[in-house]
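What follows is work-v4.txt (compact mmCIF, C-alpha atoms and all ligand atoms).
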# COMPACT_ATOMS: atom_id res chain seq x y z
CA MET L 1348 59.65 174.47 60.33
CA SER L 1349 58.75 175.29 56.77
CA GLU L 1350 56.93 178.30 55.44
CA PRO L 1351 53.47 178.07 53.92
CA GLY L 1352 54.19 176.03 50.80
CA GLY L 1353 57.67 175.13 52.08
CA GLY L 1354 59.20 178.23 50.54
CA PRO L 1355 62.27 180.18 51.57
CA VAL L 1356 62.33 182.15 54.84
CA LEU L 1357 63.84 185.04 52.95
CA GLU L 1358 63.78 185.85 49.29
CA VAL L 1359 65.01 188.94 47.50
CA ALA L 1360 64.51 189.43 43.81
CA GLY L 1361 65.85 192.11 41.51
CA LEU L 1362 66.86 194.25 44.46
CA ARG L 1363 68.19 197.69 43.58
CA LYS L 1364 69.19 200.75 45.57
CA VAL L 1365 70.13 204.09 44.12
CA PHE L 1366 71.60 206.91 46.22
CA GLY L 1367 71.64 210.05 44.07
CA ASP L 1368 73.84 209.14 41.12
CA LEU L 1369 75.29 206.06 42.81
CA THR L 1370 73.75 202.65 42.20
CA ALA L 1371 74.77 200.90 45.43
CA VAL L 1372 72.86 197.66 44.76
CA GLU L 1373 71.88 196.35 41.34
CA ASP L 1374 69.71 193.35 40.50
CA VAL L 1375 70.52 191.26 43.57
CA SER L 1376 68.49 188.08 43.99
CA PHE L 1377 68.77 185.17 46.39
CA ALA L 1378 66.56 182.78 48.28
CA LEU L 1379 67.29 181.45 51.74
CA PRO L 1380 65.65 178.11 52.62
CA PRO L 1381 64.70 177.59 56.28
CA GLY L 1382 67.68 176.60 58.42
CA ARG L 1383 70.26 177.36 55.75
CA SER L 1384 72.70 180.21 55.97
CA LEU L 1385 73.96 182.57 53.33
CA ALA L 1386 77.11 184.63 53.30
CA ILE L 1387 77.40 187.94 51.51
CA VAL L 1388 81.01 188.79 50.81
CA GLY L 1389 82.58 191.63 48.88
CA GLU L 1390 85.01 194.47 49.29
CA SER L 1391 84.16 197.53 51.36
CA GLY L 1392 81.53 199.64 49.62
CA SER L 1393 80.16 196.78 47.50
CA GLY L 1394 76.63 197.19 48.91
CA LYS L 1395 76.46 194.52 51.61
CA THR L 1396 75.14 196.70 54.42
CA THR L 1397 72.71 198.42 52.09
CA ILE L 1398 71.16 195.04 51.25
CA ALA L 1399 70.88 194.23 54.96
CA ARG L 1400 69.31 197.60 55.71
CA MET L 1401 66.71 197.12 52.98
CA ILE L 1402 65.81 193.67 54.29
CA VAL L 1403 65.14 195.00 57.79
CA GLY L 1404 63.33 198.07 56.50
CA LEU L 1405 65.89 200.72 57.47
CA GLU L 1406 66.28 201.60 53.81
CA ARG L 1407 63.67 201.46 51.11
CA ALA L 1408 64.49 199.54 47.93
CA THR L 1409 64.50 201.52 44.69
CA ALA L 1410 63.29 198.40 42.90
CA GLY L 1411 62.85 194.70 43.55
CA THR L 1412 61.03 192.66 46.14
CA ILE L 1413 61.84 191.33 49.58
CA THR L 1414 59.79 188.47 51.00
CA ALA L 1415 60.26 187.10 54.50
CA CYS L 1416 58.29 184.15 55.86
CA GLY L 1417 56.08 184.33 52.79
CA ARG L 1418 55.14 187.98 53.32
CA ASP L 1419 56.19 190.92 51.20
CA ARG L 1420 58.21 193.55 53.05
CA SER L 1421 59.27 195.72 50.14
CA ARG L 1422 56.82 198.43 51.22
CA PRO L 1423 56.72 200.15 54.60
CA ALA L 1424 54.78 198.36 57.33
CA ARG L 1425 51.12 199.35 57.51
CA SER L 1426 50.62 199.01 61.24
CA ALA L 1427 52.52 198.73 64.49
CA ALA L 1428 51.63 195.03 64.64
CA ASP L 1429 52.99 194.50 61.14
CA ARG L 1430 56.19 196.35 62.05
CA ARG L 1431 56.54 194.26 65.19
CA ARG L 1432 56.03 191.03 63.29
CA ARG L 1433 58.65 192.03 60.75
CA GLY L 1434 61.02 192.77 63.60
CA ARG L 1435 60.38 189.39 65.15
CA GLU L 1436 60.92 187.51 61.89
CA VAL L 1437 64.17 189.13 60.85
CA GLN L 1438 66.67 190.53 63.33
CA ILE L 1439 69.98 192.22 62.62
CA VAL L 1440 73.20 192.75 64.52
CA PHE L 1441 75.45 195.46 63.16
CA GLN L 1442 79.19 195.82 63.23
CA ASP L 1443 79.10 198.49 65.91
CA PRO L 1444 76.37 197.78 68.42
CA TYR L 1445 77.11 200.96 70.37
CA THR L 1446 74.70 202.93 68.25
CA SER L 1447 71.90 200.36 68.48
CA LEU L 1448 72.05 199.89 72.26
CA ASP L 1449 70.29 202.36 74.52
CA PRO L 1450 73.02 203.98 76.67
CA ARG L 1451 70.67 204.03 79.69
CA GLN L 1452 69.76 200.36 79.48
CA SER L 1453 71.66 197.50 81.06
CA ALA L 1454 72.22 194.36 79.01
CA ARG L 1455 69.60 192.62 81.07
CA ASP L 1456 66.99 195.35 80.54
CA ALA L 1457 67.74 195.51 76.82
CA ILE L 1458 67.06 191.79 76.45
CA ASP L 1459 64.02 191.93 78.70
CA GLU L 1460 62.53 194.67 76.57
CA VAL L 1461 62.66 192.45 73.49
CA LEU L 1462 61.07 189.54 75.37
CA ARG L 1463 58.26 191.81 76.53
CA LEU L 1464 57.68 193.32 73.12
CA HIS L 1465 57.73 190.12 71.10
CA HIS L 1466 56.56 187.41 73.45
CA GLY L 1467 54.63 189.14 76.22
CA TRP L 1468 55.87 186.62 78.77
CA PRO L 1469 55.34 187.10 82.52
CA ALA L 1470 58.24 188.57 84.51
CA GLN L 1471 59.48 185.29 85.96
CA ARG L 1472 59.76 183.59 82.59
CA ARG L 1473 61.48 186.64 81.15
CA ARG L 1474 63.97 186.69 84.01
CA ALA L 1475 64.87 183.08 83.42
CA ARG L 1476 65.28 183.65 79.70
CA VAL L 1477 67.41 186.77 80.23
CA ALA L 1478 69.71 184.73 82.46
CA GLU L 1479 69.85 181.98 79.84
CA LEU L 1480 70.66 184.36 77.00
CA THR L 1481 73.31 186.36 78.85
CA ASP L 1482 74.88 183.08 79.90
CA LEU L 1483 74.76 181.78 76.32
CA VAL L 1484 76.75 184.71 75.01
CA GLY L 1485 79.19 184.57 77.90
CA LEU L 1486 78.26 187.65 79.93
CA ASP L 1487 78.64 187.33 83.67
CA GLU L 1488 76.30 188.75 86.33
CA ARG L 1489 78.12 192.04 86.63
CA GLN L 1490 78.28 192.57 82.88
CA ALA L 1491 74.60 191.74 82.54
CA ARG L 1492 73.79 194.54 84.99
CA ALA L 1493 76.19 197.05 83.39
CA LEU L 1494 75.35 199.91 81.04
CA PRO L 1495 76.83 199.77 77.52
CA ARG L 1496 79.51 202.38 78.29
CA ALA L 1497 80.91 200.16 81.03
CA LEU L 1498 81.36 197.26 78.61
CA SER L 1499 84.05 196.57 76.04
CA GLY L 1500 83.23 196.49 72.34
CA GLY L 1501 83.15 192.71 72.36
CA GLN L 1502 80.87 192.58 75.38
CA ARG L 1503 78.50 195.08 73.79
CA GLN L 1504 78.46 192.96 70.67
CA ARG L 1505 77.45 189.96 72.74
CA VAL L 1506 74.62 191.98 74.30
CA ALA L 1507 73.42 192.87 70.80
CA ILE L 1508 73.52 189.22 69.72
CA ALA L 1509 71.63 188.07 72.85
CA ARG L 1510 69.08 190.79 72.27
CA ALA L 1511 68.55 189.78 68.64
CA LEU L 1512 68.20 186.12 69.63
CA ALA L 1513 65.62 187.05 72.28
CA ALA L 1514 63.13 187.75 69.51
CA GLN L 1515 63.55 184.16 68.25
CA PRO L 1516 63.91 185.37 64.69
CA ARG L 1517 63.59 183.08 61.66
CA VAL L 1518 66.42 185.03 60.04
CA LEU L 1519 69.31 186.69 61.82
CA ILE L 1520 71.46 189.06 59.79
CA LEU L 1521 74.98 189.43 61.13
CA ASP L 1522 76.71 192.41 59.53
CA GLU L 1523 80.38 192.06 60.46
CA SER L 1524 79.05 191.21 63.91
CA VAL L 1525 81.88 189.01 65.06
CA ALA L 1526 84.68 191.01 63.45
CA ALA L 1527 85.40 193.07 66.56
CA LEU L 1528 85.48 190.17 68.99
CA ASP L 1529 88.80 188.93 70.19
CA VAL L 1530 89.77 185.50 68.98
CA SER L 1531 88.65 183.34 71.91
CA ILE L 1532 85.34 185.16 72.32
CA GLN L 1533 84.82 185.02 68.57
CA ALA L 1534 85.25 181.25 68.61
CA GLN L 1535 82.80 181.03 71.51
CA VAL L 1536 80.21 183.19 69.74
CA LEU L 1537 80.60 181.25 66.47
CA ASN L 1538 80.03 177.97 68.29
CA LEU L 1539 77.05 179.52 69.99
CA LEU L 1540 75.60 180.68 66.66
CA ALA L 1541 76.08 177.20 65.18
CA ASP L 1542 74.39 175.59 68.20
CA ILE L 1543 71.49 178.01 68.03
CA ARG L 1544 71.00 177.29 64.37
CA ASP L 1545 70.95 173.57 65.05
CA SER L 1546 68.48 173.86 67.91
CA THR L 1547 66.15 176.54 66.51
CA GLY L 1548 66.43 176.26 62.73
CA VAL L 1549 67.21 179.98 62.43
CA SER L 1550 68.80 181.05 59.16
CA TYR L 1551 71.75 183.41 59.08
CA VAL L 1552 72.67 186.01 56.56
CA LEU L 1553 76.31 186.52 57.38
CA ILE L 1554 78.11 189.56 56.07
CA SER L 1555 81.78 189.09 56.72
CA HIS L 1556 85.15 189.77 55.22
CA ASP L 1557 86.54 186.88 57.24
CA LEU L 1558 86.29 183.89 54.95
CA ALA L 1559 87.14 181.46 57.75
CA VAL L 1560 84.01 182.64 59.55
CA VAL L 1561 82.03 182.44 56.31
CA ARG L 1562 83.19 178.87 55.81
CA GLN L 1563 82.34 177.88 59.36
CA LEU L 1564 78.84 179.30 59.45
CA THR L 1565 77.29 179.32 55.98
CA ASP L 1566 76.07 176.89 53.33
CA ASP L 1567 75.96 179.25 50.39
CA VAL L 1568 77.66 182.46 49.42
CA ILE L 1569 77.09 185.34 47.07
CA VAL L 1570 79.99 187.52 46.04
CA LEU L 1571 79.18 191.17 45.58
CA ARG L 1572 81.11 193.65 43.52
CA ARG L 1573 79.91 197.21 43.04
CA GLY L 1574 76.41 196.19 44.03
CA ARG L 1575 76.16 193.22 41.70
CA VAL L 1576 76.42 189.50 42.34
CA VAL L 1577 79.47 188.28 40.41
CA GLU L 1578 79.60 184.74 41.77
CA ARG L 1579 77.40 182.44 43.83
CA GLY L 1580 77.27 178.86 44.99
CA PRO L 1581 77.92 176.49 47.88
CA THR L 1582 80.38 178.16 50.26
CA GLY L 1583 83.04 175.44 50.12
CA GLU L 1584 83.01 175.33 46.32
CA VAL L 1585 83.18 179.08 45.83
CA LEU L 1586 85.97 179.50 48.35
CA ASP L 1587 87.98 176.50 47.17
CA GLN L 1588 87.53 177.01 43.44
CA PRO L 1589 86.53 180.59 42.80
CA ARG L 1590 85.59 181.10 39.17
CA HIS L 1591 85.72 184.86 39.24
CA GLU L 1592 89.02 186.75 39.42
CA TYR L 1593 87.48 189.15 41.92
CA THR L 1594 86.63 186.29 44.30
CA ARG L 1595 90.20 185.05 44.00
CA ARG L 1596 91.47 188.50 44.93
CA LEU L 1597 89.06 188.71 47.87
CA ARG L 1598 90.32 185.38 49.06
CA ALA L 1599 93.90 186.55 48.78
CA SER L 1600 93.14 189.66 50.84
CA VAL L 1601 91.74 187.82 53.84
CA PRO L 1602 93.22 189.15 57.06
CA ARG L 1603 95.72 186.78 58.56
CA PRO L 1604 97.74 187.23 61.70
CA GLY L 1605 99.91 190.27 61.07
CA TRP L 1606 97.65 191.47 58.23
CA LYS L 1607 97.27 195.23 58.09
CA PRO L 1608 94.70 197.14 56.09
CA GLY L 1609 96.09 198.79 53.00
CA ARG L 1610 98.87 196.24 52.55
CA GLY L 1611 97.57 194.75 49.37
CA GLY L 1612 94.21 194.04 50.97
CA LEU L 1613 91.00 194.88 49.15
CA LEU L 1614 89.27 195.80 52.37
CA ALA L 1615 89.30 199.29 53.74
CA ALA L 1616 90.77 200.18 57.11
CA GLY L 1617 88.29 199.67 59.90
CA GLU L 1618 87.04 196.40 58.48
CA ASP L 1619 89.83 194.28 59.77
CA GLY L 1620 88.22 194.08 63.16
CA ASP L 1621 89.11 196.27 66.07
CA GLN L 1622 90.24 194.11 68.91
CA ASP L 1623 88.16 193.71 71.95
CA GLY L 1624 90.14 196.18 74.00
CA ARG L 1625 90.17 194.30 77.26
N1 LIG N 1701 72.71 206.61 52.96
C1 LIG N 1701 73.59 206.61 51.95
N2 LIG N 1701 73.68 207.68 51.13
C2 LIG N 1701 74.55 207.69 50.09
N3 LIG N 1701 75.38 206.69 49.80
C3 LIG N 1701 75.34 205.60 50.58
C4 LIG N 1701 74.45 205.50 51.70
N4 LIG N 1701 74.64 204.30 52.30
C5 LIG N 1701 75.60 203.68 51.58
N5 LIG N 1701 76.02 204.44 50.56
C6 LIG N 1701 77.04 204.09 49.56
O1 LIG N 1701 76.64 202.88 48.96
C7 LIG N 1701 77.76 202.05 48.69
C8 LIG N 1701 77.59 200.73 49.38
O2 LIG N 1701 77.71 200.93 50.79
P1 LIG N 1701 77.54 199.75 51.83
O3 LIG N 1701 76.29 199.03 51.54
O4 LIG N 1701 77.69 200.34 53.17
O5 LIG N 1701 78.79 198.82 51.47
P2 LIG N 1701 79.48 197.66 52.31
O6 LIG N 1701 78.60 197.33 53.47
O7 LIG N 1701 79.63 196.54 51.33
O8 LIG N 1701 80.81 198.19 52.74
C9 LIG N 1701 78.98 202.83 49.17
O9 LIG N 1701 79.53 203.50 48.04
C10 LIG N 1701 78.40 203.79 50.15
O10 LIG N 1701 79.19 204.96 50.24
MG MG N 1702 79.05 197.28 55.52
Turn this file's structure into structure tokens for me.
Amino acid sequence: MSEPGGGPVLEVAGLRKVFGDLTAVEDVSFALPPGRSLAIVGESGSGKTTIARMIVGLERATAGTITACGRDRSRPARSAADRRRRGREVQIVFQDPYTSLDPRQSARDAIDEVLRLHHGWPAQRRRARVAELTDLVGLDERQARALPRALSGGQRQRVAIARALAAQPRVLILDESVAALDVSIQAQVLNLLADIRDSTGVSYVLISHDLAVVRQLTDDVIVLRRGRVVERGPTGEVLDQPRHEYTRRLRASVPRPGWKPGRGGLLAAGEDGDQDGR
């Protein structure tokens, strides 16, 4: 599944974002070949989410270009069809899916809506796919019928992942998406994401402070500090032999069992993953 000319599914070049007098992202470039996955790591506030938000069009770049599936998306979409296509090509799952899920919509309806919007399938095919997707992410019948407020954080996160996958995106951005899942569910979701990548060729952009997750799911990594890329390369190499002192410190601050934010960690409180609460 290559792009016209076999190019990357996602390419950003010279990306910059300025908020008032703060430069949140400065001269960030990377290219993501089809089927490969890229991690973006960096301490809290280093610009990771801002990059993700620019890629999906929630934030407009101050400078630079973003190209997905060979098409420029640096400028706002011109039409509803263009917006829809952009949504289909690149999906995102945020850290806290509570805000992105409609409180009046069950998991099942939320997934069905995406299938209708992006694929226009008849009801029977959608029903079968909804069942498949909820099953894939480990939601049972009752959970699939429940409203977001009746679900735990981890269950809501799985709804958000199933919903994103329903669009069959070429690129799925996961912004701390598995951080809040409890350990066994996290392992299940990571395996699921790996399987989906193998079977569909989707590429992930994984934003995570958990370097074990980064190692498991990505081929390449960029290390971000104050909006700039300070190190990049194959994930294993960068994590095993970091060249930059900052990467070494990041690696040393990885949450381990018993790790608490603020105890020598570089990451701010709230990023060490709330537990699932069940
Ligand atoms: N809408 C905004 N307005 C002003 N500043 C922002 C906005 N969004 C993010 N920032 C700032 O940009 C910097 C990068 O934020 P963010 O991309 O969320 O970092 P990360 O995801 O790496 O923690 C932070 O200093 C943050 O406070
Ligand atoms: Mg963030």
Contact table chain L vs ligand LIG 1701 (chain N), cut-off 12 Å, shortest pair per residue, only C-alpha atoms and all ligand atoms, as JSON lines:
{"residue": "L:Arg1363", "atom": "CA", "partner": "N:LIG1701", "partner_atom": "O1", "distance": 11.3}
{"residue": "L:Lys1364", "atom": "CA", "partner": "N:LIG1701", "partner_atom": "O1", "distance": 8.5}
{"residue": "L:Val1365", "atom": "CA", "partner": "N:LIG1701", "partner_atom": "N3", "distance": 8.2}
{"residue": "L:Phe1366", "atom": "CA", "partner": "N:LIG1701", "partner_atom": "C2", "distance": 4.9}
{"residue": "L:Gly1367", "atom": "CA", "partner": "N:LIG1701", "partner_atom": "C2", "distance": 7.1}
{"residue": "L:Asp1368", "atom": "CA", "partner": "N:LIG1701", "partner_atom": "C2", "distance": 9.1}
{"residue": "L:Leu1369", "atom": "CA", "partner": "N:LIG1701", "partner_atom": "N3", "distance": 7.0}
{"residue": "L:Thr1370", "atom": "CA", "partner": "N:LIG1701", "partner_atom": "O1", "distance": 7.4}
{"residue": "L:Ala1371", "atom": "CA", "partner": "N:LIG1701", "partner_atom": "O1", "distance": 4.5}
{"residue": "L:Val1372", "atom": "CA", "partner": "N:LIG1701", "partner_atom": "C8", "distance": 7.3}
{"residue": "L:Glu1373", "atom": "CA", "partner": "N:LIG1701", "partner_atom": "C8", "distance": 10.8}
{"residue": "L:Ile1387", "atom": "CA", "partner": "N:LIG1701", "partner_atom": "O7", "distance": 8.9}
{"residue": "L:Val1388", "atom": "CA", "partner": "N:LIG1701", "partner_atom": "O7", "distance": 7.9}
{"residue": "L:Gly1389", "atom": "CA", "partner": "N:LIG1701", "partner_atom": "O7", "distance": 6.2}
{"residue": "L:Glu1390", "atom": "CA", "partner": "N:LIG1701", "partner_atom": "O7", "distance": 6.1}
{"residue": "L:Ser1391", "atom": "CA", "partner": "N:LIG1701", "partner_atom": "O8", "distance": 3.7}
{"residue": "L:Gly1392", "atom": "CA", "partner": "N:LIG1701", "partner_atom": "O5", "distance": 3.4}
{"residue": "L:Ser1393", "atom": "CA", "partner": "N:LIG1701", "partner_atom": "O7", "distance": 3.9}
{"residue": "L:Gly1394", "atom": "CA", "partner": "N:LIG1701", "partner_atom": "O3", "distance": 3.2}
{"residue": "L:Lys1395", "atom": "CA", "partner": "N:LIG1701", "partner_atom": "O7", "distance": 3.8}
{"residue": "L:Thr1396", "atom": "CA", "partner": "N:LIG1701", "partner_atom": "O6", "distance": 3.6}
{"residue": "L:Thr1397", "atom": "CA", "partner": "N:LIG1701", "partner_atom": "O3", "distance": 3.7}
{"residue": "L:Ile1398", "atom": "CA", "partner": "N:LIG1701", "partner_atom": "O3", "distance": 6.5}
{"residue": "L:Ala1399", "atom": "CA", "partner": "N:LIG1701", "partner_atom": "O3", "distance": 8.0}
{"residue": "L:Arg1400", "atom": "CA", "partner": "N:LIG1701", "partner_atom": "O3", "distance": 8.3}
{"residue": "L:Met1401", "atom": "CA", "partner": "N:LIG1701", "partner_atom": "O3", "distance": 9.9}
{"residue": "L:Leu1405", "atom": "CA", "partner": "N:LIG1701", "partner_atom": "N1", "distance": 10.1}
{"residue": "L:Glu1406", "atom": "CA", "partner": "N:LIG1701", "partner_atom": "N1", "distance": 8.2}
{"residue": "L:Arg1407", "atom": "CA", "partner": "N:LIG1701", "partner_atom": "N1", "distance": 10.6}
{"residue": "L:Ala1408", "atom": "CA", "partner": "N:LIG1701", "partner_atom": "N1", "distance": 12.0}
{"residue": "L:Phe1441", "atom": "CA", "partner": "N:LIG1701", "partner_atom": "O6", "distance": 10.4}
{"residue": "L:Gln1442", "atom": "CA", "partner": "N:LIG1701", "partner_atom": "O6", "distance": 9.9}
{"residue": "L:Leu1521", "atom": "CA", "partner": "N:LIG1701", "partner_atom": "O6", "distance": 11.6}
{"residue": "L:Asp1522", "atom": "CA", "partner": "N:LIG1701", "partner_atom": "O6", "distance": 8.0}
{"residue": "L:Glu1523", "atom": "CA", "partner": "N:LIG1701", "partner_atom": "O6", "distance": 8.9}
{"residue": "L:Leu1553", "atom": "CA", "partner": "N:LIG1701", "partner_atom": "O6", "distance": 11.7}
{"residue": "L:Ile1554", "atom": "CA", "partner": "N:LIG1701", "partner_atom": "O6", "distance": 8.2}
{"residue": "L:Ser1555", "atom": "CA", "partner": "N:LIG1701", "partner_atom": "O6", "distance": 9.4}
{"residue": "L:His1556", "atom": "CA", "partner": "N:LIG1701", "partner_atom": "O7", "distance": 9.6}
{"residue": "L:Val1570", "atom": "CA", "partner": "N:LIG1701", "partner_atom": "O7", "distance": 10.5}
{"residue": "L:Leu1571", "atom": "CA", "partner": "N:LIG1701", "partner_atom": "O7", "distance": 7.9}
{"residue": "L:Arg1572", "atom": "CA", "partner": "N:LIG1701", "partner_atom": "O7", "distance": 8.5}
{"residue": "L:Arg1573", "atom": "CA", "partner": "N:LIG1701", "partner_atom": "C8", "distance": 7.6}
{"residue": "L:Gly1574", "atom": "CA", "partner": "N:LIG1701", "partner_atom": "C8", "distance": 7.1}
{"residue": "L:Arg1575", "atom": "CA", "partner": "N:LIG1701", "partner_atom": "O7", "distance": 10.8}
{"residue": "L:Val1576", "atom": "CA", "partner": "N:LIG1701", "partner_atom": "O7", "distance": 11.9}
{"residue": "L:Leu1613", "atom": "CA", "partner": "N:LIG1701", "partner_atom": "O8", "distance": 11.3}
{"residue": "L:Leu1614", "atom": "CA", "partner": "N:LIG1701", "partner_atom": "O8", "distance": 8.8}
{"residue": "L:Ala1615", "atom": "CA", "partner": "N:LIG1701", "partner_atom": "O8", "distance": 8.6}
{"residue": "L:Ala1616", "atom": "CA", "partner": "N:LIG1701", "partner_atom": "O8", "distance": 11.1}
{"residue": "L:Gly1617", "atom": "CA", "partner": "N:LIG1701", "partner_atom": "O8", "distance": 10.5}
{"residue": "L:Glu1618", "atom": "CA", "partner": "N:LIG1701", "partner_atom": "O8", "distance": 8.7}
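Among the candidates L:Val1440, L:Val1577, L:Ile1532, L:Ala1514, the one nearest to ligand MG 1702 (chain N) when counting all atoms listed in the file is L:Val1440.
Put simply, atom CA of L:Glu1479 is 9.4 Å away from atom CA of L:Ala1509.
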Legend entry - Distance in Å - atom CA of L:Arg1474 versus atom CA of L:Asp1456: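 Value for the atom CA of L:Arg1474-atom CA of L:Asp1456 distance: 9.8 Å.
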Inset, instruction - Show which residues sit within 8 Å of L:Leu1462, as a ChimeraX atom specification. Count all atoms listed in the file, and ignore same-chain residues fewer than 6 positions away. - result: /L:1468,1473,1513-1514
Inset, instruction - Kindly give the distance, in Å, that separates atom CA of L:Glu1584 and atom CA of L:Leu1597, rounded to a single decimal. - result: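 Those two atoms sit 14.8 Å apart.
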Determine the axis-aligned bounding box of all atoms of stretch 1472-1482 of chain L present in the file, pad each side by 6 Å, and express its centre and edge lengths in Å to one decimal place as JSON.
{"center_x": 67.3, "center_y": 184.4, "center_z": 80.5, "size_x": 27.1, "size_y": 16.8, "size_z": 19.0}
Legend entry - Option closest in space to L:Pro1381, from L:Thr1547, L:Pro1355, L:Val1585, L:Arg1579 [counting only C-alpha atoms]: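 Smallest distance to L:Pro1381 is found for L:Pro1355.
Comparing the minimum interatomic distances between ligand MG 1702 (chain N) and each of L:Thr1409, L:Ile1520, L:Ala1470, L:Ala1427, counting all atoms listed in the file, we find that L:Ile1520 sits nearest.
Nearest-residue note for L:Ala1428: choosing from L:Leu1519, L:Arg1455, L:His1465, L:Asp1542, the minimum distance belongs to L:His1465, counting all atoms listed in the file.
Checking L:Ala1475, L:Leu1539, L:Cys1416, L:Ala1526 one by one against ligand MG 1702 (chain N), counting only C-alpha atoms and all ligand atoms, you find the shortest gap at L:Ala1526.
Closest approach to ligand MG 1702 (chain N) from the set L:Glu1460, L:Asp1567, L:Asp1443, L:Asp1482 is made by L:Asp1443, with distances taken over all atoms listed in the file.
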Can you pull out the residues contacting stretch 1491-1506 of chain L? Cut-off 6 Å, using only C-alpha atoms, and skip same-chain residues under 6 positions away; I want them as a tab-separated table (two decimals) with C-alpha atoms, in the frame of the given file.
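Saved result, part.tsv, follows:
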chain	number	residue	atom	x	y	z
L	1444	PRO	CA	76.37	197.78	68.42
L	1450	PRO	CA	73.02	203.98	76.67
L	1452	GLN	CA	69.76	200.36	79.48
L	1453	SER	CA	71.66	197.50	81.06
L	1454	ALA	CA	72.22	194.36	79.01
L	1455	ARG	CA	69.60	192.62	81.07
L	1484	VAL	CA	76.75	184.71	75.01
L	1528	LEU	CA	85.48	190.17	68.99
L	1623	ASP	CA	88.16	193.71	71.95
Inset, instruction - Name the residues within 6 Å of (67.0, 180.7, 57.6), counting all atoms listed in the file in the file's coordinates, and put them as a PyMOL selection string. - result: chain L and resi 1356+1379-1384+1517-1518+1549-1551
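Taking only C-alpha atoms, the non-local environment of L:Gly1361 within 8 Å (same-chain residues fewer than 2 positions away omitted) comprises Val1359, Arg1363, Glu1373, Asp1374, Val1375, Ser1376, Ala1410, Gly1411 and Thr1412 of chain L.
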Legend entry - 12 Å contact set for L:Arg1431, only C-alpha atoms, chain neighbours under 5 positions out, as a list of chain:residue names: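 Surrounding residues, per the criterion: L:Val1403, L:Gly1404, L:Ala1424, L:Arg1425, L:Ser1426, L:Glu1436, L:Val1437, L:Gln1438, L:Val1461, L:Arg1463, L:Leu1464, L:His1465, L:His1466, L:Ala1514, L:Pro1516.
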Inset, instruction - Might you pull out every residue within 9 Å of L:Arg1476, with only C-alpha atoms counted and same-chain residues fewer than 4 positions away left off, and present them as an NGL selection string? - result: :L and (1458-1459 or 1462 or 1471-1472 or 1480-1481 or 1513)
